[in-house]
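Participant: Provided below: coords-v6.csv, containing CSV, C-alpha atoms and all ligand atoms.
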chain,number,residue,atom,x,y,z
A,681,MET,CA,-11.4,20.8,-2.1
A,682,THR,CA,-11.2,19.7,1.6
A,683,PHE,CA,-7.9,18.1,2.5
A,684,ARG,CA,-8.4,14.6,3.8
A,685,THR,CA,-5.6,12.3,4.5
A,686,ARG,CA,-5.0,9.1,6.5
A,687,PHE,CA,-2.5,7.0,8.3
A,688,ALA,CA,-2.8,3.3,7.4
A,689,PRO,CA,-0.7,1.1,9.7
A,690,SER,CA,-0.8,-2.7,9.7
A,691,PRO,CA,-1.3,-4.2,13.2
A,692,THR,CA,1.6,-6.7,12.8
A,693,GLY,CA,4.0,-5.2,15.4
A,694,PRO,CA,4.7,-2.1,17.5
A,695,LEU,CA,4.8,1.4,15.8
A,696,HIS,CA,8.2,2.8,15.7
A,697,LEU,CA,9.7,6.3,15.0
A,698,GLY,CA,9.1,6.0,11.3
A,699,HIS,CA,5.4,5.4,11.8
A,700,ALA,CA,5.3,8.3,14.3
A,701,TYR,CA,6.8,10.6,11.7
A,702,SER,CA,4.4,9.5,9.0
A,703,ALA,CA,1.3,9.8,11.3
A,704,ILE,CA,2.3,13.2,12.8
A,705,LEU,CA,3.3,14.6,9.4
A,706,ALA,CA,-0.1,13.6,7.9
A,707,HIS,CA,-1.9,14.9,11.0
A,708,ASP,CA,0.0,18.3,10.8
A,709,MET,CA,-0.6,18.7,7.1
A,710,ALA,CA,-4.4,18.1,7.6
A,711,ALA,CA,-4.4,20.6,10.5
A,712,ALA,CA,-2.6,23.2,8.5
A,713,GLU,CA,-5.3,22.9,5.7
A,714,GLU,CA,-8.2,22.7,8.2
A,715,GLY,CA,-8.7,19.2,6.7
A,716,GLU,CA,-9.2,15.8,8.2
A,717,PHE,CA,-6.9,13.1,9.4
A,718,LEU,CA,-8.3,9.5,9.3
A,719,LEU,CA,-7.0,6.3,10.6
A,720,ARG,CA,-7.3,3.0,8.8
A,721,ILE,CA,-6.2,-0.4,10.1
A,722,GLU,CA,-4.6,-2.5,7.2
A,723,ASP,CA,-5.2,-5.9,8.6
A,724,ILE,CA,-5.8,-8.0,5.4
A,725,ASP,CA,-3.0,-10.3,6.5
A,726,HIS,CA,-4.9,-12.4,9.1
A,727,SER,CA,-1.9,-14.6,9.8
A,728,ARG,CA,0.2,-11.6,11.0
A,729,SER,CA,-2.4,-9.1,12.4
A,730,ARG,CA,-3.1,-9.2,16.1
A,731,PRO,CA,-5.7,-7.4,18.2
A,732,GLU,CA,-3.0,-6.5,20.7
A,733,TRP,CA,-1.1,-4.6,18.1
A,734,GLU,CA,-4.2,-2.8,17.0
A,735,GLU,CA,-4.9,-1.7,20.6
A,736,LEU,CA,-1.3,-0.5,20.9
A,737,ILE,CA,-1.6,1.5,17.7
A,738,TYR,CA,-4.6,3.5,19.2
A,739,GLU,CA,-2.7,3.9,22.5
A,740,ASP,CA,0.5,5.1,20.9
A,741,LEU,CA,-1.2,7.5,18.5
A,742,HIS,CA,-3.4,9.0,21.3
A,743,TRP,CA,-0.3,9.4,23.4
A,744,LEU,CA,1.4,11.3,20.5
A,745,GLY,CA,-1.5,13.7,20.7
A,746,LEU,CA,-3.3,12.6,17.5
A,747,SER,CA,-7.0,12.2,17.1
A,748,TRP,CA,-9.3,11.0,14.3
A,749,PRO,CA,-12.9,10.4,13.6
A,750,GLU,CA,-14.6,7.2,14.6
A,751,PRO,CA,-15.4,4.5,13.5
A,752,VAL,CA,-12.0,3.6,12.2
A,753,MET,CA,-12.0,1.7,8.9
A,754,ARG,CA,-10.6,-1.8,9.2
A,755,GLN,CA,-9.7,-3.7,6.1
A,756,SER,CA,-10.8,-7.0,7.6
A,757,GLU,CA,-14.4,-5.6,7.4
A,758,ARG,CA,-14.1,-4.7,3.7
A,759,GLN,CA,-13.9,-8.0,2.0
A,760,ALA,CA,-17.2,-7.6,0.1
A,761,ALA,CA,-15.8,-4.4,-1.7
A,762,TYR,CA,-12.6,-6.2,-2.6
A,763,GLU,CA,-14.5,-9.2,-4.0
A,764,ALA,CA,-16.7,-6.9,-6.1
A,765,ALA,CA,-13.7,-5.2,-7.6
A,766,LEU,CA,-12.1,-8.5,-8.4
A,767,ASP,CA,-15.3,-9.7,-10.0
A,768,ARG,CA,-15.4,-6.6,-12.2
A,769,LEU,CA,-11.8,-7.1,-13.4
A,770,TRP,CA,-12.3,-10.8,-13.9
A,771,GLU,CA,-15.3,-10.2,-16.0
A,772,ARG,CA,-13.3,-7.9,-18.2
A,773,ASP,CA,-10.7,-10.6,-18.7
A,774,LEU,CA,-8.0,-8.6,-17.0
A,775,LEU,CA,-7.1,-11.2,-14.3
A,776,TYR,CA,-5.7,-14.6,-14.5
A,777,VAL,CA,-4.9,-17.4,-12.0
A,778,CYS,CA,-1.3,-17.9,-11.1
A,779,THR,CA,-0.2,-21.2,-9.7
A,780,CYS,CA,3.6,-20.4,-9.5
A,781,ARG,CA,5.5,-20.8,-6.3
A,782,ARG,CA,8.1,-18.3,-5.4
A,783,ARG,CA,10.9,-20.5,-6.5
A,784,ASP,CA,9.2,-21.2,-9.9
A,785,ILE,CA,9.2,-17.4,-10.5
A,786,GLU,CA,12.8,-17.0,-9.4
A,787,ALA,CA,13.8,-19.9,-11.8
A,788,ALA,CA,11.8,-18.6,-14.7
A,789,ALA,CA,13.0,-15.0,-14.2
A,790,SER,CA,16.7,-16.1,-14.1
A,791,ALA,CA,16.6,-18.5,-17.1
A,792,PRO,CA,19.7,-17.7,-19.2
A,793,GLN,CA,17.8,-16.2,-22.1
A,794,GLU,CA,16.1,-13.7,-19.7
A,795,GLY,CA,19.3,-12.0,-18.5
A,796,ALA,CA,19.4,-10.7,-14.9
A,797,PRO,CA,15.9,-10.8,-13.2
A,798,LEU,CA,14.3,-7.4,-13.2
A,799,LEU,CA,13.1,-6.0,-9.8
A,800,GLY,CA,9.8,-4.1,-9.6
A,801,PRO,CA,7.9,-2.7,-6.7
A,802,ASP,CA,6.8,-6.2,-5.6
A,803,GLY,CA,10.2,-7.9,-6.1
A,804,ILE,CA,11.0,-9.9,-9.2
A,805,VAL,CA,8.9,-8.8,-12.2
A,806,TYR,CA,6.6,-11.7,-12.9
A,807,PRO,CA,7.8,-13.5,-16.1
A,808,GLY,CA,4.3,-14.2,-17.2
A,809,THR,CA,4.4,-18.0,-17.0
A,810,CYS,CA,0.6,-18.4,-16.2
A,811,ARG,CA,-0.7,-15.6,-18.4
A,812,LYS,CA,-1.9,-17.8,-21.1
A,813,SER,CA,-3.1,-20.4,-18.7
A,814,LEU,CA,-6.6,-21.9,-18.4
A,815,ARG,CA,-8.4,-18.6,-18.1
A,816,ALA,CA,-12.1,-19.2,-18.3
A,817,ALA,CA,-13.4,-15.6,-18.3
A,818,SER,CA,-16.9,-16.9,-18.9
A,819,GLY,CA,-16.8,-19.0,-15.8
A,820,PRO,CA,-17.0,-17.6,-12.2
A,821,ARG,CA,-13.9,-16.1,-10.6
A,822,PRO,CA,-12.1,-18.8,-8.7
A,823,ARG,CA,-12.0,-18.3,-4.9
A,824,ASP,CA,-8.9,-18.6,-2.8
A,825,ALA,CA,-6.6,-18.4,-5.9
A,826,VAL,CA,-3.7,-16.1,-6.6
A,827,LEU,CA,-5.0,-13.7,-9.2
A,828,ARG,CA,-2.7,-11.5,-11.3
A,829,LEU,CA,-3.5,-8.4,-13.3
A,830,ASP,CA,-2.7,-8.7,-17.0
A,831,MET,CA,-0.9,-5.4,-17.2
A,832,ALA,CA,-0.7,-5.2,-21.0
A,833,ALA,CA,-4.3,-6.1,-21.4
A,834,ALA,CA,-5.3,-3.5,-18.7
A,835,LEU,CA,-3.4,-0.7,-20.5
A,836,LYS,CA,-4.9,-1.7,-23.8
A,837,ALA,CA,-8.4,-1.6,-22.4
A,838,LEU,CA,-7.7,1.8,-20.8
A,839,SER,CA,-6.2,3.2,-24.0
A,840,ALA,CA,-9.2,2.0,-26.0
A,841,ASN,CA,-11.4,4.2,-23.6
A,842,GLY,CA,-9.1,7.2,-23.8
A,843,GLY,CA,-7.9,6.6,-20.3
A,844,GLY,CA,-4.4,5.4,-21.0
A,845,LYS,CA,-2.5,8.3,-19.4
A,846,ILE,CA,-1.0,7.0,-16.2
A,847,GLU,CA,0.0,10.0,-14.0
A,848,PHE,CA,-0.2,11.5,-10.6
A,849,CYS,CA,0.7,14.7,-8.8
A,850,GLU,CA,3.6,14.3,-6.2
A,851,THR,CA,3.9,17.0,-3.6
A,852,GLY,CA,6.6,15.2,-1.6
A,853,SER,CA,9.3,13.5,-3.6
A,854,SER,CA,10.5,10.2,-5.1
A,855,PRO,CA,13.5,8.6,-3.5
A,856,ASN,CA,15.5,10.4,-6.3
A,857,GLY,CA,14.1,13.8,-5.4
A,858,ALA,CA,11.6,14.1,-8.2
A,859,SER,CA,8.3,15.8,-7.6
A,860,GLY,CA,5.4,17.4,-9.4
A,861,LEU,CA,3.5,15.7,-12.2
A,862,THR,CA,4.7,12.1,-12.5
A,863,GLN,CA,4.0,10.3,-15.7
A,864,ILE,CA,4.5,6.6,-16.0
A,865,SER,CA,4.9,5.1,-19.5
A,866,HIS,CA,3.2,1.9,-20.6
A,867,VAL,CA,6.6,0.4,-21.3
A,868,HIS,CA,7.7,1.0,-17.8
A,869,LEU,CA,4.4,-0.6,-16.5
A,870,THR,CA,4.6,-3.7,-18.6
A,871,MET,CA,8.4,-4.3,-18.4
A,872,LEU,CA,9.3,-3.0,-14.9
A,873,VAL,CA,6.1,-3.5,-12.9
A,874,GLY,CA,4.4,-6.3,-14.8
A,875,ASP,CA,1.5,-8.6,-13.8
A,876,VAL,CA,1.2,-7.8,-10.1
A,877,VAL,CA,-0.8,-9.9,-7.7
A,878,LEU,CA,-4.2,-8.5,-6.9
A,879,ALA,CA,-5.6,-11.4,-4.8
A,880,ARG,CA,-3.6,-13.6,-2.5
A,881,ARG,CA,-4.6,-16.9,-1.2
A,882,GLN,CA,-6.2,-16.9,2.3
A,883,MET,CA,-6.6,-13.1,1.9
A,884,GLY,CA,-8.9,-12.7,-1.0
A,885,THR,CA,-7.3,-9.3,-1.8
A,886,SER,CA,-3.9,-7.6,-1.8
A,887,TYR,CA,-2.3,-4.5,-0.5
A,888,HIS,CA,-2.6,-2.7,-3.9
A,889,LEU,CA,-6.3,-3.5,-4.4
A,890,SER,CA,-7.3,-2.7,-0.8
A,891,VAL,CA,-5.4,0.5,-0.5
A,892,VAL,CA,-6.9,1.9,-3.8
A,893,LEU,CA,-10.5,0.9,-2.9
A,894,ASP,CA,-10.2,2.2,0.7
A,895,ASP,CA,-8.6,5.5,-0.2
A,896,ALA,CA,-11.5,6.1,-2.6
A,897,GLU,CA,-14.1,4.9,0.0
A,898,GLN,CA,-12.6,7.3,2.6
A,899,GLY,CA,-12.5,10.2,0.2
A,900,ILE,CA,-8.8,10.6,0.6
A,901,THR,CA,-7.6,13.7,-1.3
A,902,HIS,CA,-4.0,13.5,-0.2
A,903,ALA,CA,-2.1,10.2,0.5
A,904,VAL,CA,0.8,10.9,2.8
A,905,ARG,CA,3.1,7.9,3.1
A,906,GLY,CA,6.8,6.8,3.0
A,907,GLN,CA,9.0,7.0,-0.1
A,908,ASP,CA,9.3,3.2,0.1
A,909,LEU,CA,5.9,3.2,-1.5
A,910,PHE,CA,6.6,5.7,-4.3
A,911,GLU,CA,7.1,3.0,-7.0
A,912,THR,CA,3.9,1.2,-6.1
A,913,THR,CA,1.9,4.4,-6.9
A,914,ALA,CA,2.0,3.6,-10.6
A,915,ILE,CA,0.1,0.3,-9.9
A,916,HIS,CA,-2.4,2.2,-7.7
A,917,VAL,CA,-3.1,4.7,-10.5
A,918,VAL,CA,-3.7,1.9,-13.1
A,919,LEU,CA,-6.2,0.4,-10.6
A,920,GLN,CA,-7.9,3.7,-10.1
A,921,ARG,CA,-8.3,4.1,-13.8
A,922,LEU,CA,-9.6,0.6,-14.2
A,923,LEU,CA,-12.1,0.9,-11.4
A,924,ASP,CA,-13.2,4.5,-12.2
A,925,LEU,CA,-11.8,5.9,-9.0
A,926,PRO,CA,-10.2,9.3,-8.4
A,927,THR,CA,-6.5,9.6,-8.0
A,928,PRO,CA,-5.5,11.4,-4.8
A,929,ILE,CA,-2.5,13.8,-4.7
A,930,TYR,CA,0.4,11.8,-3.3
A,931,HIS,CA,3.0,13.1,-0.8
A,932,HIS,CA,5.8,10.6,-0.3
A,933,HIS,CA,8.0,11.5,2.6
A,934,ARG,CA,11.6,10.7,3.6
A,935,LEU,CA,12.1,7.6,5.7
A,936,ILE,CA,13.5,7.6,9.3
A,937,ARG,CA,16.7,5.6,9.4
A,938,ASP,CA,18.8,4.2,12.1
A,939,GLU,CA,22.4,5.2,12.7
A,940,ASN,CA,23.6,2.8,10.0
A,941,GLY,CA,21.3,4.3,7.4
A,942,ARG,CA,18.9,1.4,7.5
A,943,ARG,CA,15.1,2.1,7.5
A,944,LEU,CA,13.4,1.0,10.7
A,945,ALA,CA,11.6,-2.3,10.8
A,946,LYS,CA,8.8,-3.6,13.0
A,947,ARG,CA,11.2,-6.0,14.7
A,948,ASP,CA,13.4,-3.0,15.6
A,949,ASP,CA,11.9,-2.8,19.1
A,950,ALA,CA,14.5,-0.3,20.4
A,951,ARG,CA,12.8,2.5,18.5
A,952,ALA,CA,9.2,1.3,19.3
A,953,ILE,CA,7.0,4.2,20.6
A,954,ARG,CA,5.9,2.1,23.5
A,955,LYS,CA,9.6,1.7,24.6
A,956,TYR,CA,10.1,5.5,24.5
A,957,ARG,CA,6.9,5.9,26.5
A,958,LYS,CA,8.1,3.5,29.2
A,959,ASP,CA,11.4,5.4,29.3
A,960,GLY,CA,9.7,8.7,30.0
A,961,VAL,CA,10.3,10.3,26.6
A,962,THR,CA,7.6,12.9,25.8
A,963,PRO,CA,5.6,13.3,22.6
A,964,ASP,CA,7.5,16.6,22.0
A,965,ASP,CA,10.8,14.7,22.3
A,966,ILE,CA,9.5,12.3,19.6
A,967,ARG,CA,8.7,15.2,17.3
A,968,ALA,CA,12.2,16.5,17.8
A,969,MET,CA,13.7,13.1,17.1
A,970,VAL,CA,12.0,12.8,13.7
A,971,GLY,CA,12.6,16.5,12.8
A,972,LEU,CA,9.1,17.8,13.1
A,1001,LIG,N1,-0.2,-0.3,5.4
A,1001,LIG,C1,0.9,0.3,4.7
A,1001,LIG,C2,2.2,0.2,5.5
A,1001,LIG,O1,2.1,0.1,6.7
A,1001,LIG,C3,0.7,1.7,4.3
A,1001,LIG,C4,-0.1,1.9,3.1
A,1001,LIG,C5,-0.2,3.2,2.5
A,1001,LIG,O2,0.0,4.2,3.2
A,1001,LIG,O3,-0.5,3.3,1.3
A,1001,LIG,O4,3.3,0.3,5.0
A,1002,ZN,ZN,2.2,-18.2,-12.3
Please express what this file holds, its structure, as structure tokens.
Ligand code: GLU
Ligand code: ZN
Facilitator:
Amino acid sequence: MTFRTRFAPSPTGPLHLGHAYSAILAHDMAAAEEGEFLLRIEDIDHSRSRPEWEELIYEDLHWLGLSWPEPVMRQSERQAAYEAALDRLWERDLLYVCTCRRRDIEAAASAPQEGAPLLGPDGIVYPGTCRKSLRAASGPRPRDAVLRLDMAAALKALSANGGGKIEFCETGSSPNGASGLTQISHVHLTMLVGDVVLARRQMGTSYHLSVVLDDAEQGITHAVRGQDLFETTAIHVVLQRLLDLPTPIYHHHRLIRDENGRRLAKRDDARAIRKYRKDGVTPDDIRAMVGL
């Protein structure tokens, strides 16, 4: 199997040291295996993505000494594939419209009989308020609606087809240091992940759906990314099973933190690669700073 990985930044701000670590690590792993390193621009959030940030991503990565095949995949050009996948799931009655606002979800999840709200990979685990709503599976899928995956129904459908085993191979580690074959139980998925959003308004897709479809489209064999995304992998494997897509090997890496132990954020301009470039820092210095 050829090794093919990718770096998938969102053009919503400058790349910082954490992005540099992720990109260089993926690039080095591909080089060591004589594989391929691809770039993908994750720009589904039109309200936050900017062409200037996308340009800066190319500049910074080239400056770091990385290269990748052209053309680069851009999620804003992939809407048709996302819509087709949503249609498939809708027709199987695995999606429903959610009309809750954030504060409705917070209120429902913290009702006295619910105990403390449970936190999943996307925040508060959705309490299921809209699950039994006016789902009209026979009708067409509504456009510009929030669509959630009915997790319990999805797992039931997978089990009925003998595909209910949700697992992946981890060659990096979870935030707790676990690696190897990672199995996720159905109880964990229904109780601690829940009915995640697969289509957002004004986006027509979601991070989870896009990343799964795009990794498959790009033939990614090894997904190298930060440990902050480890918990989302369970969702990605469920979607891969539902959409008959292969599951890559995952390599979740440590996060680069500031001197207070906080992970770097896009607004943390002091550690932006462009700032280091202006200050005369070299790409080798950057490698040393992130421990590569
Ligand atoms: N676009 C995501 C991010 O910037 C990365 C997605 C992934 O690697 O799966 O955090
Ligand atoms: Zn709802």
Participant: Restricting the calculation to all atoms listed in the file: of A:Leu878, A:Ala896, A:Ala787, A:Leu744, which residue gets closest to Ala700 (chain A)?
Facilitator: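 For Ala700 (chain A), the nearest of the candidates is A:Leu744.
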Participant: Using all atoms listed in the file, which residues have at least one atom no more than 6 Å from ligand ZN 1002 (chain A)? Output them as a list in words.
Facilitator: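 For ligand ZN 1002 (chain A), the residues inside 6 Å are Cys778, Thr779, Cys780, Thr809 and Cys810 of chain A.
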Participant: Counting only C-alpha atoms and all ligand atoms, what residues are within 8 Å of ligand LIG 1001 (chain A), given as a list in words?
Facilitator: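 If we count only C-alpha atoms and all ligand atoms, the neighbours of ligand LIG 1001 (chain A) turn out to be Arg686, Phe687, Ala688, Pro689, Ser690, Ile721, Glu722, Tyr887, Val891, Ala903, Val904, Arg905, Gly906 and Leu909 of chain A.
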Participant: Neighbours of Met709 (chain A) within 10 Å (only C-alpha atoms; same-chain residues fewer than 5 positions away dropped), as an MDAnalysis selection string?
Facilitator: chainID A and resid 683:685 704 714:717 902 904
Participant: Considering all atoms listed in the file, can you say which of A:Leu697, A:Asp965, A:Ala706, A:Gly971 comes closest to Asp740 (chain A)?
Facilitator: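 With all atoms listed in the file as the atom set, the closest residue is A:Leu697.
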Participant: So which one's closest to Trp743 (chain A), A:Asp830, A:Glu713, A:Asp964, A:Asp875? Using all atoms listed in the file, please.
Facilitator: A:Asp964
Participant: Can you work out the spacing between CA of His916 (chain A) and CA of Leu746 (chain A) in Å, to one decimal?
Facilitator: 27.3 Å
Participant: Between CA of Asn856 (chain A) and CA of Arg943 (chain A), what is the distance in Å, rounded to a tenth?
Facilitator: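 We find that CA of Asn856 (chain A) and CA of Arg943 (chain A) lie 16.1 Å from each other.
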Participant: Kindly indicate which residue among A:Lys958, A:Tyr701, A:Pro792, A:Gly693 lies nearest to Leu972 (chain A), using only C-alpha atoms for the distances.
Facilitator: A:Tyr701
Participant: Can you work out which one of A:His742, A:Arg821, A:Arg754, A:Arg828 has the shortest atom-to-atom distance to Ser729 (chain A), counting only C-alpha atoms?
Facilitator: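 Going through A:His742, A:Arg821, A:Arg754, A:Arg828 one by one, the smallest distance to Ser729 (chain A) is for A:Arg754.
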Participant: Measure the distance from CA of Thr682 (chain A) to CA of Ala711 (chain A) in Å and round it to one decimal.
Facilitator: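 We find that CA of Thr682 (chain A) and CA of Ala711 (chain A) lie 11.2 Å from each other.
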Participant: I want to know what sits within 10 Å of region 863-874 of chain A, based on all atoms listed in the file, with residues of the same chain fewer than 2 positions away left out; could you give that as an MDAnalysis selection string?
Facilitator: chainID A and resid 798:808 828:836 844:849 860:861 876:877 911:915 917:918
Participant: Mind dumping the selected residues with C-alpha atoms as a compact mmCIF listing (two decimals), in the coordinates of the input?
Facilitator:
# COMPACT_ATOMS: atom_id res chain seq x y z
CA LEU A 798 14.30 -7.40 -13.20
CA LEU A 799 13.10 -6.00 -9.80
CA GLY A 800 9.80 -4.10 -9.60
CA PRO A 801 7.90 -2.70 -6.70
CA ASP A 802 6.80 -6.20 -5.60
CA GLY A 803 10.20 -7.90 -6.10
CA ILE A 804 11.00 -9.90 -9.20
CA VAL A 805 8.90 -8.80 -12.20
CA TYR A 806 6.60 -11.70 -12.90
CA PRO A 807 7.80 -13.50 -16.10
CA GLY A 808 4.30 -14.20 -17.20
CA ARG A 828 -2.70 -11.50 -11.30
CA LEU A 829 -3.50 -8.40 -13.30
CA ASP A 830 -2.70 -8.70 -17.00
CA MET A 831 -0.90 -5.40 -17.20
CA ALA A 832 -0.70 -5.20 -21.00
CA ALA A 833 -4.30 -6.10 -21.40
CA ALA A 834 -5.30 -3.50 -18.70
CA LEU A 835 -3.40 -0.70 -20.50
CA LYS A 836 -4.90 -1.70 -23.80
CA GLY A 844 -4.40 5.40 -21.00
CA LYS A 845 -2.50 8.30 -19.40
CA ILE A 846 -1.00 7.00 -16.20
CA GLU A 847 0.00 10.00 -14.00
CA PHE A 848 -0.20 11.50 -10.60
CA CYS A 849 0.70 14.70 -8.80
CA GLY A 860 5.40 17.40 -9.40
CA LEU A 861 3.50 15.70 -12.20
CA VAL A 876 1.20 -7.80 -10.10
CA VAL A 877 -0.80 -9.90 -7.70
CA GLU A 911 7.10 3.00 -7.00
CA THR A 912 3.90 1.20 -6.10
CA THR A 913 1.90 4.40 -6.90
CA ALA A 914 2.00 3.60 -10.60
CA ILE A 915 0.10 0.30 -9.90
CA VAL A 917 -3.10 4.70 -10.50
CA VAL A 918 -3.70 1.90 -13.10
Participant: Which one is closest to Thr851 (chain A): A:Ser756, A:Gly819, A:Leu775, A:Phe910? Count all atoms listed in the file.
Facilitator: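 Comparing A:Ser756, A:Gly819, A:Leu775, A:Phe910 against Thr851 (chain A), the winner is A:Phe910.
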Participant: So that I can check the surroundings of Gly857 (chain A), please list as a ChimeraX atom specification every protein, DNA and RNA residue that reaches within 12 Å of it, counting all atoms listed in the file and ignoring chain neighbours fewer than 3 positions away.
Facilitator: /A:850-854,860,862,907,910,932-934
Participant: Considering only C-alpha atoms, return as a PyMOL selection string whatever protein or nucleic-acid residues lie within 12 Å of Ala764 (chain A), sequence-local ones (same chain, fewer than 4 positions apart) excluded.
Facilitator: chain A and resi 758-760+768-771+821+884-885+889-890+893+923
Participant: Would you fill the gaps in region 835-847 of chain A so it has N, CA, C and O atoms, then print it as an mmCIF file, in the frame of the given file?
Facilitator:
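The result, stored in out.cif:
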data_model
loop_
_atom_site.group_PDB
_atom_site.id
_atom_site.type_symbol
_atom_site.label_atom_id
_atom_site.label_comp_id
_atom_site.auth_asym_id
_atom_site.auth_seq_id
_atom_site.Cartn_x
_atom_site.Cartn_y
_atom_site.Cartn_z
ATOM 1 N N LEU A 835 -3.752 -2.021 -19.823
ATOM 2 C CA LEU A 835 -3.400 -0.700 -20.500
ATOM 3 C C LEU A 835 -4.050 -0.596 -21.815
ATOM 4 O O LEU A 835 -4.463 0.494 -22.205
ATOM 5 N N LYS A 836 -4.175 -1.724 -22.496
ATOM 6 C CA LYS A 836 -4.900 -1.700 -23.800
ATOM 7 C C LYS A 836 -6.317 -1.307 -23.619
ATOM 8 O O LYS A 836 -6.849 -0.461 -24.360
ATOM 9 N N ALA A 837 -6.947 -1.898 -22.608
ATOM 10 C CA ALA A 837 -8.400 -1.600 -22.400
ATOM 11 C C ALA A 837 -8.514 -0.098 -21.994
ATOM 12 O O ALA A 837 -9.446 0.570 -22.445
ATOM 13 N N LEU A 838 -7.572 0.420 -21.193
ATOM 14 C CA LEU A 838 -7.700 1.800 -20.800
ATOM 15 C C LEU A 838 -7.467 2.740 -22.014
ATOM 16 O O LEU A 838 -8.198 3.713 -22.210
ATOM 17 N N SER A 839 -6.481 2.412 -22.841
ATOM 18 C CA SER A 839 -6.200 3.200 -24.000
ATOM 19 C C SER A 839 -7.416 3.267 -24.949
ATOM 20 O O SER A 839 -7.765 4.314 -25.507
ATOM 21 N N ALA A 840 -8.076 2.117 -25.075
ATOM 22 C CA ALA A 840 -9.200 2.000 -26.000
ATOM 23 C C ALA A 840 -10.352 2.966 -25.496
ATOM 24 O O ALA A 840 -11.152 3.442 -26.288
ATOM 25 N N ASN A 841 -10.369 3.251 -24.173
ATOM 26 C CA ASN A 841 -11.400 4.200 -23.600
ATOM 27 C C ASN A 841 -10.878 5.577 -23.452
ATOM 28 O O ASN A 841 -11.482 6.379 -22.742
ATOM 29 N N GLY A 842 -9.696 5.859 -23.987
ATOM 30 C CA GLY A 842 -9.100 7.200 -23.800
ATOM 31 C C GLY A 842 -8.567 7.477 -22.466
ATOM 32 O O GLY A 842 -8.294 8.629 -22.118
ATOM 33 N N GLY A 843 -8.384 6.432 -21.639
ATOM 34 C CA GLY A 843 -7.900 6.600 -20.300
ATOM 35 C C GLY A 843 -6.520 6.053 -20.047
ATOM 36 O O GLY A 843 -6.192 5.638 -18.944
ATOM 37 N N GLY A 844 -5.715 6.034 -21.080
ATOM 38 C CA GLY A 844 -4.400 5.400 -21.000
ATOM 39 C C GLY A 844 -3.298 6.173 -20.366
ATOM 40 O O GLY A 844 -2.192 5.682 -20.202
ATOM 41 N N LYS A 845 -3.593 7.421 -20.003
ATOM 42 C CA LYS A 845 -2.500 8.300 -19.400
ATOM 43 C C LYS A 845 -2.395 7.926 -17.942
ATOM 44 O O LYS A 845 -3.329 8.133 -17.161
ATOM 45 N N ILE A 846 -1.240 7.406 -17.550
ATOM 46 C CA ILE A 846 -1.000 7.000 -16.200
ATOM 47 C C ILE A 846 -0.140 8.059 -15.507
ATOM 48 O O ILE A 846 1.060 8.131 -15.794
ATOM 49 N N GLU A 847 -0.714 8.891 -14.658
ATOM 50 C CA GLU A 847 0.000 10.000 -14.000
ATOM 51 C C GLU A 847 -0.569 10.371 -12.705
ATOM 52 O O GLU A 847 -1.742 10.103 -12.447
#
